[in-house]
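Source file: target_37.txt (compact mmCIF, C-alpha atoms)
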```txt
# COMPACT_ATOMS: atom_id res chain seq x y z
CA MET A 1343 -59.55 -44.85 -60.90
CA PRO A 1344 -57.59 -45.34 -57.67
CA LEU A 1345 -54.38 -47.26 -57.62
CA SER A 1346 -54.73 -50.60 -55.93
CA ILE A 1347 -52.00 -52.70 -54.41
CA GLY A 1348 -50.37 -54.66 -57.15
CA THR A 1349 -51.18 -52.26 -60.01
CA PRO A 1350 -47.95 -51.81 -61.91
CA VAL A 1351 -47.20 -48.09 -61.98
CA GLU A 1352 -46.83 -48.06 -65.76
CA GLU A 1353 -50.37 -49.38 -66.13
CA ALA A 1354 -52.03 -46.97 -63.71
CA PRO A 1355 -54.32 -44.64 -65.63
CA VAL A 1356 -53.44 -40.97 -65.38
CA ALA A 1357 -56.50 -39.42 -63.85
CA ALA A 1358 -57.26 -35.81 -64.54
CA ASP A 1359 -57.72 -33.72 -61.41
CA PRO A 1360 -61.17 -34.69 -60.19
CA GLY A 1361 -63.62 -31.90 -60.91
CA VAL A 1362 -61.33 -30.03 -63.31
CA VAL A 1363 -62.70 -29.37 -66.78
CA THR A 1364 -60.11 -28.99 -69.52
CA PHE A 1365 -60.66 -26.31 -72.13
CA PRO A 1366 -58.02 -27.14 -74.76
CA HIS A 1367 -58.02 -23.61 -76.14
CA GLY A 1368 -59.21 -21.73 -73.05
CA LEU A 1369 -61.98 -19.21 -73.69
CA PRO A 1370 -61.88 -16.33 -76.19
CA GLY A 1371 -60.09 -13.59 -74.26
CA PHE A 1372 -58.55 -16.14 -71.86
CA GLU A 1373 -56.85 -18.52 -74.20
CA ARG A 1374 -54.12 -19.52 -71.76
CA CYS A 1375 -56.49 -20.58 -68.99
CA ARG A 1376 -57.01 -24.23 -69.87
CA ARG A 1377 -58.39 -25.58 -66.59
CA PHE A 1378 -61.67 -24.64 -64.96
CA VAL A 1379 -63.96 -25.94 -62.25
CA VAL A 1380 -67.74 -25.69 -62.16
CA VAL A 1381 -68.96 -24.89 -58.66
CA ALA A 1382 -72.61 -25.45 -57.82
CA ALA A 1383 -74.34 -24.85 -54.50
CA ALA A 1384 -77.98 -25.21 -53.48
CA ASP A 1385 -78.26 -21.63 -52.28
CA LEU A 1386 -76.78 -20.32 -55.51
CA ALA A 1387 -79.09 -22.24 -57.82
CA PRO A 1388 -79.94 -21.84 -60.62
CA PHE A 1389 -76.57 -20.10 -61.00
CA VAL A 1390 -73.23 -21.85 -60.91
CA CYS A 1391 -69.69 -20.53 -60.92
CA LEU A 1392 -67.20 -21.29 -63.66
CA LYS A 1393 -63.80 -20.63 -62.16
CA GLY A 1394 -60.53 -20.56 -64.06
CA LEU A 1395 -57.57 -22.15 -62.28
CA GLU A 1396 -54.78 -20.63 -64.35
CA GLU A 1397 -53.38 -17.29 -65.48
CA SER A 1398 -55.63 -14.51 -64.12
CA GLU A 1399 -58.13 -17.09 -62.82
CA PRO A 1400 -61.05 -15.64 -64.78
CA SER A 1401 -64.22 -16.42 -62.87
CA PHE A 1402 -67.76 -16.30 -64.15
CA LEU A 1403 -71.31 -16.55 -62.95
CA ALA A 1404 -73.18 -18.88 -65.28
CA ILE A 1405 -76.59 -20.41 -65.81
CA ASP A 1406 -78.06 -23.10 -68.01
CA PRO A 1407 -79.42 -21.16 -71.03
CA ARG A 1408 -82.44 -23.46 -71.11
CA ARG A 1409 -83.55 -21.88 -67.83
CA ILE A 1410 -83.57 -18.45 -69.44
CA GLU A 1411 -84.99 -19.24 -72.86
CA PRO A 1412 -87.47 -22.11 -72.93
CA GLY A 1413 -86.83 -24.28 -75.96
CA TYR A 1414 -83.24 -23.06 -76.21
CA ARG A 1415 -81.60 -25.18 -78.85
CA VAL A 1416 -78.15 -24.83 -80.32
CA SER A 1417 -76.77 -27.54 -82.54
CA LEU A 1418 -73.20 -28.57 -82.07
CA SER A 1419 -71.07 -28.71 -85.20
CA SER A 1420 -69.46 -32.08 -85.81
CA ALA A 1421 -66.10 -30.38 -85.24
CA ASP A 1422 -67.16 -29.15 -81.79
CA ARG A 1423 -68.71 -32.48 -80.99
CA ARG A 1424 -65.42 -34.14 -81.83
CA ARG A 1425 -63.49 -31.66 -79.71
CA LEU A 1426 -65.73 -32.51 -76.77
CA ASP A 1427 -65.55 -36.21 -77.59
CA ALA A 1428 -69.33 -36.24 -77.28
CA ALA A 1429 -71.62 -38.85 -78.81
CA GLU A 1430 -74.65 -37.71 -80.81
CA ASP A 1431 -77.15 -37.74 -77.97
CA GLU A 1432 -74.79 -37.53 -75.07
CA ALA A 1433 -75.95 -35.34 -72.18
CA LEU A 1434 -73.87 -32.19 -71.98
CA LEU A 1435 -73.68 -29.32 -69.51
CA TRP A 1436 -74.65 -25.97 -71.04
CA LEU A 1437 -73.52 -22.77 -69.34
CA ALA A 1438 -74.34 -19.27 -70.50
CA LEU A 1439 -72.00 -16.69 -69.00
CA VAL A 1440 -73.58 -13.90 -66.97
CA ARG A 1441 -72.37 -10.33 -67.12
CA VAL A 1442 -73.06 -8.32 -63.97
CA ASP A 1443 -73.22 -4.55 -64.26
CA GLY A 1444 -74.11 -3.14 -60.86
CA ASP A 1445 -77.64 -4.36 -60.25
CA ALA A 1446 -78.35 -5.31 -63.85
CA ALA A 1447 -77.27 -8.57 -65.40
CA THR A 1448 -77.31 -10.00 -68.90
CA VAL A 1449 -76.56 -13.49 -70.09
CA ASN A 1450 -74.73 -14.50 -73.27
CA LEU A 1451 -77.06 -16.94 -75.02
CA GLN A 1452 -75.19 -16.56 -78.27
CA ALA A 1453 -71.91 -18.12 -77.20
CA PRO A 1454 -72.63 -20.77 -74.57
CA VAL A 1455 -69.97 -22.81 -72.84
CA VAL A 1456 -70.50 -26.52 -73.35
CA VAL A 1457 -68.98 -29.18 -71.09
CA ASN A 1458 -68.88 -32.91 -71.58
CA PRO A 1459 -68.95 -34.30 -68.02
CA ARG A 1460 -67.65 -37.61 -69.29
CA GLY A 1461 -64.09 -36.80 -70.18
CA MET A 1462 -64.38 -33.39 -68.46
CA ARG A 1463 -63.72 -31.36 -71.57
CA GLY A 1464 -65.23 -27.99 -72.39
CA LEU A 1465 -65.29 -25.26 -74.99
CA GLN A 1466 -67.23 -22.12 -75.84
CA LEU A 1467 -69.28 -22.06 -79.02
CA VAL A 1468 -68.21 -19.35 -81.44
CA THR A 1469 -70.86 -19.32 -84.16
CA ALA A 1470 -71.63 -16.94 -86.97
CA GLU A 1471 -75.40 -17.25 -86.98
CA SER A 1472 -77.44 -17.42 -83.84
CA PRO A 1473 -81.01 -16.40 -83.15
CA TYR A 1474 -80.00 -15.67 -79.58
CA SER A 1475 -78.71 -12.54 -77.93
CA ALA A 1476 -75.22 -12.10 -76.54
CA ALA A 1477 -76.72 -9.85 -73.86
CA HIS A 1478 -80.12 -11.23 -72.91
CA PRO A 1479 -81.40 -9.32 -69.89
CA LEU A 1480 -81.85 -11.32 -66.73
CA PRO A 1481 -84.89 -10.56 -64.61
CA GLU A 1482 -83.77 -8.81 -61.45
CA ARG A 1483 -83.55 -10.96 -58.38
CA MET B 1019 -47.65 -9.55 -88.15
CA LEU B 1020 -46.09 -11.46 -91.05
CA VAL B 1021 -47.25 -10.13 -94.39
CA PHE B 1022 -47.36 -12.18 -97.56
CA THR B 1023 -48.59 -11.47 -101.05
CA ARG B 1024 -50.23 -14.58 -102.47
CA LYS B 1025 -51.83 -15.21 -105.83
CA ARG B 1026 -54.74 -17.52 -106.46
CA GLU B 1027 -53.93 -21.12 -105.44
CA GLU B 1028 -50.90 -20.03 -103.46
CA ALA B 1029 -50.83 -20.87 -99.77
CA ILE B 1030 -49.19 -20.27 -96.42
CA VAL B 1031 -48.23 -22.98 -93.93
CA ILE B 1032 -48.51 -22.22 -90.22
CA GLY B 1033 -46.99 -24.30 -87.45
CA ASP B 1034 -46.90 -27.96 -88.28
CA GLY B 1035 -50.10 -28.60 -90.07
CA ILE B 1036 -52.16 -25.52 -90.76
CA GLU B 1037 -52.49 -24.24 -94.29
CA VAL B 1038 -54.22 -21.13 -95.58
CA ARG B 1039 -54.79 -21.09 -99.32
CA VAL B 1040 -56.09 -18.35 -101.58
CA LEU B 1041 -58.87 -19.98 -103.63
CA ARG B 1042 -60.27 -17.03 -105.46
CA VAL B 1043 -59.67 -13.31 -105.66
CA GLY B 1044 -62.74 -11.36 -106.68
CA LYS B 1045 -64.40 -7.99 -106.29
CA ASP B 1046 -66.48 -9.36 -103.37
CA GLY B 1047 -63.41 -10.35 -101.45
CA VAL B 1048 -60.83 -13.06 -101.23
CA ARG B 1049 -61.98 -16.65 -100.85
CA LEU B 1050 -59.68 -18.48 -98.43
CA GLY B 1051 -59.43 -22.17 -97.70
CA VAL B 1052 -58.07 -23.29 -94.32
CA SER B 1053 -56.77 -26.78 -93.62
CA ALA B 1054 -56.13 -27.50 -89.97
CA PRO B 1055 -56.16 -30.51 -87.65
CA PRO B 1056 -59.69 -31.13 -86.30
CA ASP B 1057 -58.80 -30.00 -82.79
CA VAL B 1058 -57.76 -26.54 -84.00
CA PRO B 1059 -60.71 -24.12 -84.00
CA VAL B 1060 -60.91 -21.68 -86.91
CA HIS B 1061 -63.20 -18.65 -86.79
CA ARG B 1062 -63.96 -15.45 -88.63
CA ARG B 1063 -62.09 -12.86 -86.66
CA GLU B 1064 -65.02 -10.53 -85.97
CA ILE B 1065 -67.12 -13.38 -84.56
CA TYR B 1066 -64.30 -14.50 -82.27
CA GLU B 1067 -63.69 -10.88 -81.27
CA ALA B 1068 -67.33 -10.41 -80.28
CA VAL B 1069 -67.18 -13.44 -77.98
CA ARG B 1070 -63.84 -12.27 -76.61
CA ALA B 1071 -65.26 -8.86 -75.74
CA ALA B 1072 -68.34 -10.40 -74.11
CA ASN B 1073 -66.17 -12.74 -72.03
CA VAL B 1074 -63.89 -9.95 -70.89
CA SER B 1075 -66.85 -7.94 -69.62
CA ALA B 1076 -68.35 -10.99 -67.91
CA ALA B 1077 -65.14 -12.18 -66.23
CA HIS B 1078 -64.38 -11.40 -62.62
CA ALA B 1079 -61.38 -11.78 -60.41
CA PRO B 1080 -62.03 -14.62 -57.94
CA ALA B 1081 -62.61 -12.20 -55.05
CA THR B 1082 -65.14 -10.17 -57.02
CA LEU B 1083 -67.09 -13.27 -57.96
CA GLU B 1084 -67.21 -14.19 -54.26
CA GLN B 1085 -68.78 -10.80 -53.52
CA ILE B 1086 -71.39 -11.30 -56.21
CA VAL B 1087 -72.10 -14.81 -54.98
CA GLY B 1088 -72.46 -13.49 -51.44
CA ARG B 1089 -75.00 -10.93 -52.63
CA LEU B 1090 -76.96 -13.61 -54.48
CA ARG B 1091 -76.98 -15.84 -51.41
CA ARG B 1092 -78.21 -13.03 -49.18
CA GLN B 1093 -80.98 -12.29 -51.65
CA ALA B 1094 -81.96 -15.94 -51.63
CA ALA B 1095 -82.25 -16.14 -47.86
CA PRO B 1096 -82.67 -12.62 -46.43
CA GLU B 1097 -84.14 -13.78 -43.09
CA GLN B 1098 -80.95 -15.60 -42.28
CA GLY B 1099 -79.04 -12.28 -42.50
```

Could you spell out this file's structure in structure tokens?
Amino acid sequence: MPLSIGTPVEEAPVAADPGVVTFPHGLPGFERCRRFVVVAAADLAPFVCLKGLEESEPSFLAIDPRRIEPGYRVSLSSADRRRLDAAEDEALLWLALVRVDGDAATVNLQAPVVVNPRGMRGLQLVTAESPYSAAHPLPER
Amino acid sequence: MLVFTRKREEAIVIGDGIEVRVLRVGKDGVRLGVSAPPDVPVHRREIYEAVRAANVSAAHAPATLEQIVGRLRRQAAPEQG
């Protein structure tokens, strides 16, 4: 919310950097990178980039898992839902991270990144049981 | 690593609000109870480690991701070479 003339400074809301998603505990392997941006572009679709802004700036190619596996459904634990500050049927952004190995690529459907656009908070699901693969092959493009 | 020997019902306190308690010691393993504030994630180590390893192999330096993105874009629109 922009400051307007007459807004007392003490009352001005502290806005997070626009576009920056906060991951309170980073990602497994990159725990100290707490701020990321999601970059989408028409000529990159359906892929997006998840770019870390801190530490080693870990950067990932990502894709909505529902585009890879029709009917993809992962339930959020109430703990994760609380961490994202997400209501029961709130629309969330799901990003499965893509591993590129030369010309082959696989996508991690087992541990998706979930972002709540309202509040701009994200985390990666770390779950014990999942019917999905951590290295689902992507059709070559 | 700090090493403790704990008996059943004994616990360890970590930081300012995390507690790990030994609930039961049996031949199938040790049953542990963890109390932590809701914002603190708690995971079985091997599960977390698997995700960590997958992330590390998927992560790129910013410049490398740009190269991959460039390749994807060229594939999407080859005539515009």

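Ranking A:Val1362, A:Ala1446, A:Val1416, A:Ala1453 by their shortest atom-to-atom distance to chain B, with all atoms listed in the file included, puts A:Ala1453 first.
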
**Q.** Residue nearest chain B - candidates A:Pro1407, A:Pro1473, A:Pro1366, A:Pro1459, atoms counted: only C-alpha atoms
**A.**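 Looking only at the distances to chain B, the closest residue turns out to be A:Pro1366.
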
Q.
Report as JSON, numbers by chain all protein, DNA and RNA residues lying within 8 Å of stretch 1046-1061 of chain B, evaluated on all atoms listed in the file, omitting residues in the same chain fewer than 6 positions from it.
A. {"A": [1421, 1424, 1425, 1468], "B": [1035, 1036, 1037, 1038, 1039, 1040]}

Q: Show me which bits of chain A are within 10 Å of chain B, counting only C-alpha atoms, as a ChimeraX atom specification.
A: /A:1366-1367,1369-1373,1383-1387,1389-1395,1398-1404,1420-1422,1424-1426,1439-1444,1447-1450,1452-1454,1466-1471,1476-1477,1483

**Q.** Interatomic distance (Å, one decimal) between atom CA of A:Cys1375 and atom CA of B:Leu1020
**A.**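 Atom CA of B:Leu1020 lies at a distance of 26.0 Å from atom CA of A:Cys1375.
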
Q: Work out how far apart atom CA of A:Asn1458 and atom CA of A:Leu1435 are and give it in Å to one decimal.
A: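 So the answer is 6.3 Å.
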
Q.
Please report the interatomic distance between atom CA of A:Arg1408 and atom CA of A:Tyr1474 in Å with one decimal.
A. 11.8 Å

Kindly add N, CA, C and O atoms to the incomplete stretch 1063-1089 of chain B and provide the output as a PDB file, in the coordinates of the input.
```pdb
ATOM      1  N   ARG B1063     -62.658 -13.655 -87.729  1.00  0.00           N
ATOM      2  CA  ARG B1063     -62.090 -12.860 -86.660  1.00  0.00           C
ATOM      3  C   ARG B1063     -63.133 -12.046 -85.913  1.00  0.00           C
ATOM      4  O   ARG B1063     -63.137 -11.992 -84.688  1.00  0.00           O
ATOM      5  N   GLU B1064     -64.077 -11.431 -86.651  1.00  0.00           N
ATOM      6  CA  GLU B1064     -65.020 -10.530 -85.970  1.00  0.00           C
ATOM      7  C   GLU B1064     -65.976 -11.307 -85.060  1.00  0.00           C
ATOM      8  O   GLU B1064     -66.438 -10.786 -84.046  1.00  0.00           O
ATOM      9  N   ILE B1065     -66.265 -12.549 -85.410  1.00  0.00           N
ATOM     10  CA  ILE B1065     -67.120 -13.380 -84.560  1.00  0.00           C
ATOM     11  C   ILE B1065     -66.371 -13.724 -83.280  1.00  0.00           C
ATOM     12  O   ILE B1065     -66.902 -13.608 -82.171  1.00  0.00           O
ATOM     13  N   TYR B1066     -65.128 -14.156 -83.437  1.00  0.00           N
ATOM     14  CA  TYR B1066     -64.300 -14.500 -82.270  1.00  0.00           C
ATOM     15  C   TYR B1066     -64.125 -13.271 -81.376  1.00  0.00           C
ATOM     16  O   TYR B1066     -64.209 -13.352 -80.151  1.00  0.00           O
ATOM     17  N   GLU B1067     -63.903 -12.120 -82.003  1.00  0.00           N
ATOM     18  CA  GLU B1067     -63.690 -10.880 -81.270  1.00  0.00           C
ATOM     19  C   GLU B1067     -64.917 -10.496 -80.453  1.00  0.00           C
ATOM     20  O   GLU B1067     -64.809 -10.009 -79.328  1.00  0.00           O
ATOM     21  N   ALA B1068     -66.100 -10.733 -81.014  1.00  0.00           N
ATOM     22  CA  ALA B1068     -67.330 -10.410 -80.280  1.00  0.00           C
ATOM     23  C   ALA B1068     -67.441 -11.286 -79.030  1.00  0.00           C
ATOM     24  O   ALA B1068     -67.822 -10.800 -77.960  1.00  0.00           O
ATOM     25  N   VAL B1069     -67.113 -12.552 -79.150  1.00  0.00           N
ATOM     26  CA  VAL B1069     -67.180 -13.440 -77.980  1.00  0.00           C
ATOM     27  C   VAL B1069     -66.099 -13.052 -76.981  1.00  0.00           C
ATOM     28  O   VAL B1069     -66.339 -13.024 -75.770  1.00  0.00           O
ATOM     29  N   ARG B1070     -64.927 -12.692 -77.492  1.00  0.00           N
ATOM     30  CA  ARG B1070     -63.840 -12.270 -76.610  1.00  0.00           C
ATOM     31  C   ARG B1070     -64.261 -11.065 -75.778  1.00  0.00           C
ATOM     32  O   ARG B1070     -64.083 -11.028 -74.565  1.00  0.00           O
ATOM     33  N   ALA B1071     -64.840 -10.078 -76.439  1.00  0.00           N
ATOM     34  CA  ALA B1071     -65.260  -8.860 -75.740  1.00  0.00           C
ATOM     35  C   ALA B1071     -66.336  -9.180 -74.702  1.00  0.00           C
ATOM     36  O   ALA B1071     -66.313  -8.647 -73.579  1.00  0.00           O
ATOM     37  N   ALA B1072     -67.285 -10.040 -75.056  1.00  0.00           N
ATOM     38  CA  ALA B1072     -68.340 -10.400 -74.110  1.00  0.00           C
ATOM     39  C   ALA B1072     -67.753 -11.126 -72.900  1.00  0.00           C
ATOM     40  O   ALA B1072     -68.153 -10.878 -71.764  1.00  0.00           O
ATOM     41  N   ASN B1073     -66.791 -12.015 -73.135  1.00  0.00           N
ATOM     42  CA  ASN B1073     -66.170 -12.740 -72.030  1.00  0.00           C
ATOM     43  C   ASN B1073     -65.416 -11.810 -71.100  1.00  0.00           C
ATOM     44  O   ASN B1073     -65.456 -11.943 -69.874  1.00  0.00           O
ATOM     45  N   VAL B1074     -64.690 -10.873 -71.700  1.00  0.00           N
ATOM     46  CA  VAL B1074     -63.890  -9.950 -70.890  1.00  0.00           C
ATOM     47  C   VAL B1074     -64.794  -9.117 -69.987  1.00  0.00           C
ATOM     48  O   VAL B1074     -64.462  -8.847 -68.826  1.00  0.00           O
ATOM     49  N   SER B1075     -65.964  -8.719 -70.489  1.00  0.00           N
ATOM     50  CA  SER B1075     -66.850  -7.940 -69.620  1.00  0.00           C
ATOM     51  C   SER B1075     -67.620  -8.807 -68.632  1.00  0.00           C
ATOM     52  O   SER B1075     -68.164  -8.282 -67.668  1.00  0.00           O
ATOM     53  N   ALA B1076     -67.656 -10.113 -68.852  1.00  0.00           N
ATOM     54  CA  ALA B1076     -68.350 -10.990 -67.910  1.00  0.00           C
ATOM     55  C   ALA B1076     -67.402 -11.575 -66.863  1.00  0.00           C
ATOM     56  O   ALA B1076     -67.858 -12.064 -65.823  1.00  0.00           O
ATOM     57  N   ALA B1077     -66.095 -11.522 -67.132  1.00  0.00           N
ATOM     58  CA  ALA B1077     -65.140 -12.180 -66.230  1.00  0.00           C
ATOM     59  C   ALA B1077     -64.898 -11.352 -64.979  1.00  0.00           C
ATOM     60  O   ALA B1077     -64.890 -10.116 -65.026  1.00  0.00           O
ATOM     61  N   HIS B1078     -64.711 -12.058 -63.874  1.00  0.00           N
ATOM     62  CA  HIS B1078     -64.380 -11.400 -62.620  1.00  0.00           C
ATOM     63  C   HIS B1078     -63.108 -11.984 -62.048  1.00  0.00           C
ATOM     64  O   HIS B1078     -62.775 -13.135 -62.331  1.00  0.00           O
ATOM     65  N   ALA B1079     -62.429 -11.204 -61.235  1.00  0.00           N
ATOM     66  CA  ALA B1079     -61.380 -11.780 -60.410  1.00  0.00           C
ATOM     67  C   ALA B1079     -62.072 -12.674 -59.381  1.00  0.00           C
ATOM     68  O   ALA B1079     -63.231 -12.434 -59.047  1.00  0.00           O
ATOM     69  N   PRO B1080     -61.378 -13.698 -58.886  1.00  0.00           N
ATOM     70  CA  PRO B1080     -62.030 -14.620 -57.940  1.00  0.00           C
ATOM     71  C   PRO B1080     -62.699 -13.910 -56.768  1.00  0.00           C
ATOM     72  O   PRO B1080     -63.820 -14.266 -56.399  1.00  0.00           O
ATOM     73  N   ALA B1081     -62.045 -12.881 -56.211  1.00  0.00           N
ATOM     74  CA  ALA B1081     -62.610 -12.200 -55.050  1.00  0.00           C
ATOM     75  C   ALA B1081     -63.906 -11.472 -55.406  1.00  0.00           C
ATOM     76  O   ALA B1081     -64.866 -11.444 -54.628  1.00  0.00           O
ATOM     77  N   THR B1082     -63.941 -10.884 -56.590  1.00  0.00           N
ATOM     78  CA  THR B1082     -65.140 -10.170 -57.020  1.00  0.00           C
ATOM     79  C   THR B1082     -66.298 -11.128 -57.208  1.00  0.00           C
ATOM     80  O   THR B1082     -67.442 -10.828 -56.849  1.00  0.00           O
ATOM     81  N   LEU B1083     -66.024 -12.293 -57.782  1.00  0.00           N
ATOM     82  CA  LEU B1083     -67.090 -13.270 -57.960  1.00  0.00           C
ATOM     83  C   LEU B1083     -67.634 -13.697 -56.597  1.00  0.00           C
ATOM     84  O   LEU B1083     -68.851 -13.865 -56.426  1.00  0.00           O
ATOM     85  N   GLU B1084     -66.746 -13.828 -55.613  1.00  0.00           N
ATOM     86  CA  GLU B1084     -67.210 -14.190 -54.260  1.00  0.00           C
ATOM     87  C   GLU B1084     -68.171 -13.151 -53.715  1.00  0.00           C
ATOM     88  O   GLU B1084     -69.161 -13.482 -53.064  1.00  0.00           O
ATOM     89  N   GLN B1085     -67.873 -11.878 -53.990  1.00  0.00           N
ATOM     90  CA  GLN B1085     -68.780 -10.800 -53.520  1.00  0.00           C
ATOM     91  C   GLN B1085     -70.147 -10.937 -54.182  1.00  0.00           C
ATOM     92  O   GLN B1085     -71.187 -10.803 -53.542  1.00  0.00           O
ATOM     93  N   ILE B1086     -70.136 -11.180 -55.476  1.00  0.00           N
ATOM     94  CA  ILE B1086     -71.390 -11.300 -56.210  1.00  0.00           C
ATOM     95  C   ILE B1086     -72.176 -12.503 -55.711  1.00  0.00           C
ATOM     96  O   ILE B1086     -73.391 -12.434 -55.504  1.00  0.00           O
ATOM     97  N   VAL B1087     -71.472 -13.603 -55.485  1.00  0.00           N
ATOM     98  CA  VAL B1087     -72.100 -14.810 -54.980  1.00  0.00           C
ATOM     99  C   VAL B1087     -72.693 -14.559 -53.604  1.00  0.00           C
ATOM    100  O   VAL B1087     -73.807 -14.983 -53.293  1.00  0.00           O
ATOM    101  N   GLY B1088     -71.957 -13.821 -52.767  1.00  0.00           N
ATOM    102  CA  GLY B1088     -72.460 -13.490 -51.440  1.00  0.00           C
ATOM    103  C   GLY B1088     -73.745 -12.695 -51.509  1.00  0.00           C
ATOM    104  O   GLY B1088     -74.697 -12.932 -50.762  1.00  0.00           O
ATOM    105  N   ARG B1089     -73.798 -11.748 -52.467  1.00  0.00           N
ATOM    106  CA  ARG B1089     -75.000 -10.930 -52.630  1.00  0.00           C
ATOM    107  C   ARG B1089     -76.168 -11.799 -53.070  1.00  0.00           C
ATOM    108  O   ARG B1089     -77.279 -11.691 -52.566  1.00  0.00           O
TER     109      ARG B1089
END
```
